[in-house]
Amino acid sequence: MIKITFVSHDGRKVTVDARDGDSVMQTALTKSVGGIVGECGGSMMCATCHCYVDEAWLERAGVRSDSEDEILDSAVAEIRPTSRLSCQISVRPELDGLVIHLPAAQQ
Amino acid sequence: MKPSNDTEILDADPYDIGILSNPNDYYARLRAKGPVVYIPKYSVLACGRYEETRQIFGDHTRFVSSRGVGLNDFRHEKPWRPASIILEVDPPFHTRTRKVMSRALAPKVLTQFKQDFQETADRLVDALLERGSFEAVSDFAEAYPTTVFPRALGMRDTDARRLVDYGAIVFNALGPDNEIRRAAMAKMPDIVPWITAACARERMSDDGLGALIYAAADEGEIDAAEAALLVRSFLSAGVDTTVTGIGSALWCLAAHPHAFEALKANPDLARPCFEEVLRFTSPVHTFARTANVDSEVAGIRIPEGAKILCVLGSANRDPAKWGDPETFRIDRNPQGHLAFGVGIHGCVGQNLARAELEAVLRALARKVDRIEFDGPAVWRPNNAIHALDRLPLRFTAR
């Protein structure tokens with residue numbers, strides 16, 4: 001099983017089982033993690049699945065694309081170097097243990 | 001095309017006027033028959049279960065859009081108009097035009113319209129409350145987007161009737177050469193030249209969404225002719241769809257008074273309420289893809305060249321996905337519904353649609369006490385859109 005830990009803006013941690021091939025956004029919604037809206041369903045249109053990848057996982061999670069960068073500009077929370085759209089991070093075995101930090105607001 | 005031997009045959013006409021008006025029985029038959037079925041009447045495949053519809057509709061490498069998203073295969077038949085350079089194209093061409101459109105329609109850009117959307121919705125609801133009884137398709141569903149949308153775009157020319165009818169042409173054109181397609185096409189000589197002229201740069205203000213598209217041409221991202229075609233895409237896809245969304249939202253709330261009570265009690269449910277309206281009514285009921293390679297879905301072989309009708313309306317009513325799909329629940333938050341599509345061709349205007357509908361639903365929640373039918377609702381058959389033709393309603397003030 002691939003485990004992903006979500007850390008809310010006020011420090012609460014929840015670890016869930018993720019399905020290989022799902023996005024991190026889908027995982028959060030399926031497991032009712034909270035803190036992720038994902039309104040557009042993963043079309044990179046809404047910037048409501050904004051997350052911060054834990055520094056330790058940054059390289060393995062991959063870098064954001066140009067179009068991802070552009071839509072992130074619409075996110076309501078602060079954009080940091082670790083900011084990603086969670087719909088653009090694909091769950092794979094090498095991400096077992098991934099830690100994702102969530103912003104205080106998405107909309 | 002010839003389907004593989006393992007493909008079940010569905011003897012139905014998805015473009016029958018009766019089915020287009022009341023499609024739910026056809027959806028159930030389609031889902032029951034198999035994940036991908038063959039429809040002999042048009043020599044096409046169709047899918048209507050959630051999982052496979054999502055898979056096929058979202059897989060732009062195997063199932064392309066450049067051969068048209070309707071029944072006609074552009075490889076063999078000429079499109080009725082110069083093809084859309086965002087809807088009816090594949091990457092890498094699509095990537096470039098999509099980027100320009102999604103930037104213009106980003107949430108950040110749209111916040112500037114929020115106030116106008118809300119004030120216009122409030123005024124319209126006030127006026128309809130004065131009247132009490134009205135015909136909601138023309139007086140509300142068409143009136144609202146044809147007011148706020150041309151303003152957001154920065155159009156100097158507006159003509160509500162032509163804007164609505166242009167959408168009907170575009171979407172009916174996706175079906176077979178039936179009565180409704182011919183009726184829509186007969187309006188082309190009046191409407192198409194008007195639309196083309198209205199999209200021109202000199203007919204746009206310099207502070208609307210249209211200007212953002214032309215600015216991308218100045219930057220060299222696209223050329224001027226492409227900019228005009230992208231502005232045309234706003235008009236093809238941005239009017240009839242939101243008209244349908246508003247009509248269907250009103251219909252849902254009139255038919256489900258308890259849902260409207262919940263919305264009145266908590267207007268913040270406006271957004272999830274709209275998502276449920278979309279899932280429940282699927283304004284775009286069917287778009288097609290074309291198999292660009294021989295492949296397989298759910299164990300069924302799909303030959304290159306096959307047209308596949310992706311029946312979004314059916315996927316959004318699949319019990320395997322939704323549990324109780326026939327129940328309208330505004331607290332469902334039906335994430336993953338396919339009303340805006342999925343993947344790289346997911347509706348580029350969905351933020352704008354949500355902004356318009358949020359304003360409308362908030363105005364209703366604050367000002368209206370009861371929404372009641374004032375006569376029978378009549379659906380308007382269209383080859384790709386499931387929309388109301390007439391919706392007599394009565395509003396009572398809070």
# chains A, B, ... in the order shown; residues from 1 in each chain; ligands from 1
call {"tool": "interface_residues", "arguments": {"of": "chain A", "to": "chain B", "cutoff": "10 Å", "atoms": "only C-alpha atoms", "output": "PyMOL selection string"}}
result
chain A and resi 26+29-30+37-48+66-67+70-76+107
call {"tool": "select_by_dssp", "arguments": {"residues": "region 15-97 of chain A", "states": "alpha helix (DSSP H)", "output": "JSON, numbers by chain"}}
result
{"A": [24, 25, 26, 27, 28, 29, 30, 58, 59, 60, 61, 66, 67, 68, 69, 70, 71, 72]}
call {"tool": "closest_residue", "arguments": {"among": "B:Ile330, B:Phe93, B:Leu174, B:Arg201", "to": "Ala224 (chain B)", "atoms": "only C-alpha atoms"}}
result
B:Arg201
call {"tool": "atom_distance", "arguments": {"atom1": "CA of Asn5 (chain B)", "atom2": "CA of Ala28 (chain B)"}}
result
22.7 Å
call {"tool": "select_by_dssp", "arguments": {"residues": "region 9-74 of chain A", "states": "strand (DSSP E or B)", "output": "MDAnalysis selection string"}}
result
chainID A and resid 13:18 23 50:53
call {"tool": "residues_around", "arguments": {"residues": "Leu263 (chain B)", "least_positions_apart": "2", "cutoff": "10 Å", "atoms": "only C-alpha atoms", "output": "list in words"}}
result
Leu253, Pro257, His258, Ala259, Phe260, Glu261, Ala265, Asn266, Pro267, Asp268, Leu269, Ala270, Pro272, Cys273, Ile330, Asp331, Leu361, Arg362, Leu364, Ala365 and Arg366 of chain B
call {"tool": "closest_residue", "arguments": {"among": "A:Thr27, A:Ser86, A:Ser65, A:Thr5", "to": "Val99 (chain A)", "atoms": "only C-alpha atoms"}}
result
A:Thr5
call {"tool": "atom_distance", "arguments": {"atom1": "CA of Leu20 (chain B)", "atom2": "CA of Ser233 (chain B)"}}
result
24.4 Å
call {"tool": "atom_distance", "arguments": {"atom1": "CA of Pro91 (chain B)", "atom2": "CA of Phe63 (chain B)"}}
result
12.1 Å
call {"tool": "closest_residue", "arguments": {"among": "B:Ala104, B:Ile85, B:Val378, B:Ala254", "to": "Ala225 (chain B)", "atoms": "only C-alpha atoms"}}
result
B:Ile85
call {"tool": "closest_residue", "arguments": {"among": "A:Ala77, A:Val24, A:Leu98, A:Val7", "to": "Arg60 (chain A)", "atoms": "only C-alpha atoms"}}
result
A:Leu98
call {"tool": "residues_around", "arguments": {"residues": "region 54-58 of chain A", "least_positions_apart": "3", "cutoff": "8 Å", "atoms": "only C-alpha atoms", "output": "PyMOL selection string"}}
result
chain A and resi 61-63+82+98-101
call {"tool": "residues_around", "arguments": {"residues": "region 136-141 of chain B", "least_positions_apart": "2", "cutoff": "7 Å", "atoms": "only C-alpha atoms", "output": "number ranges by chain"}}
result
B: 134, 143-144, 243-244, 246-247, 388-393
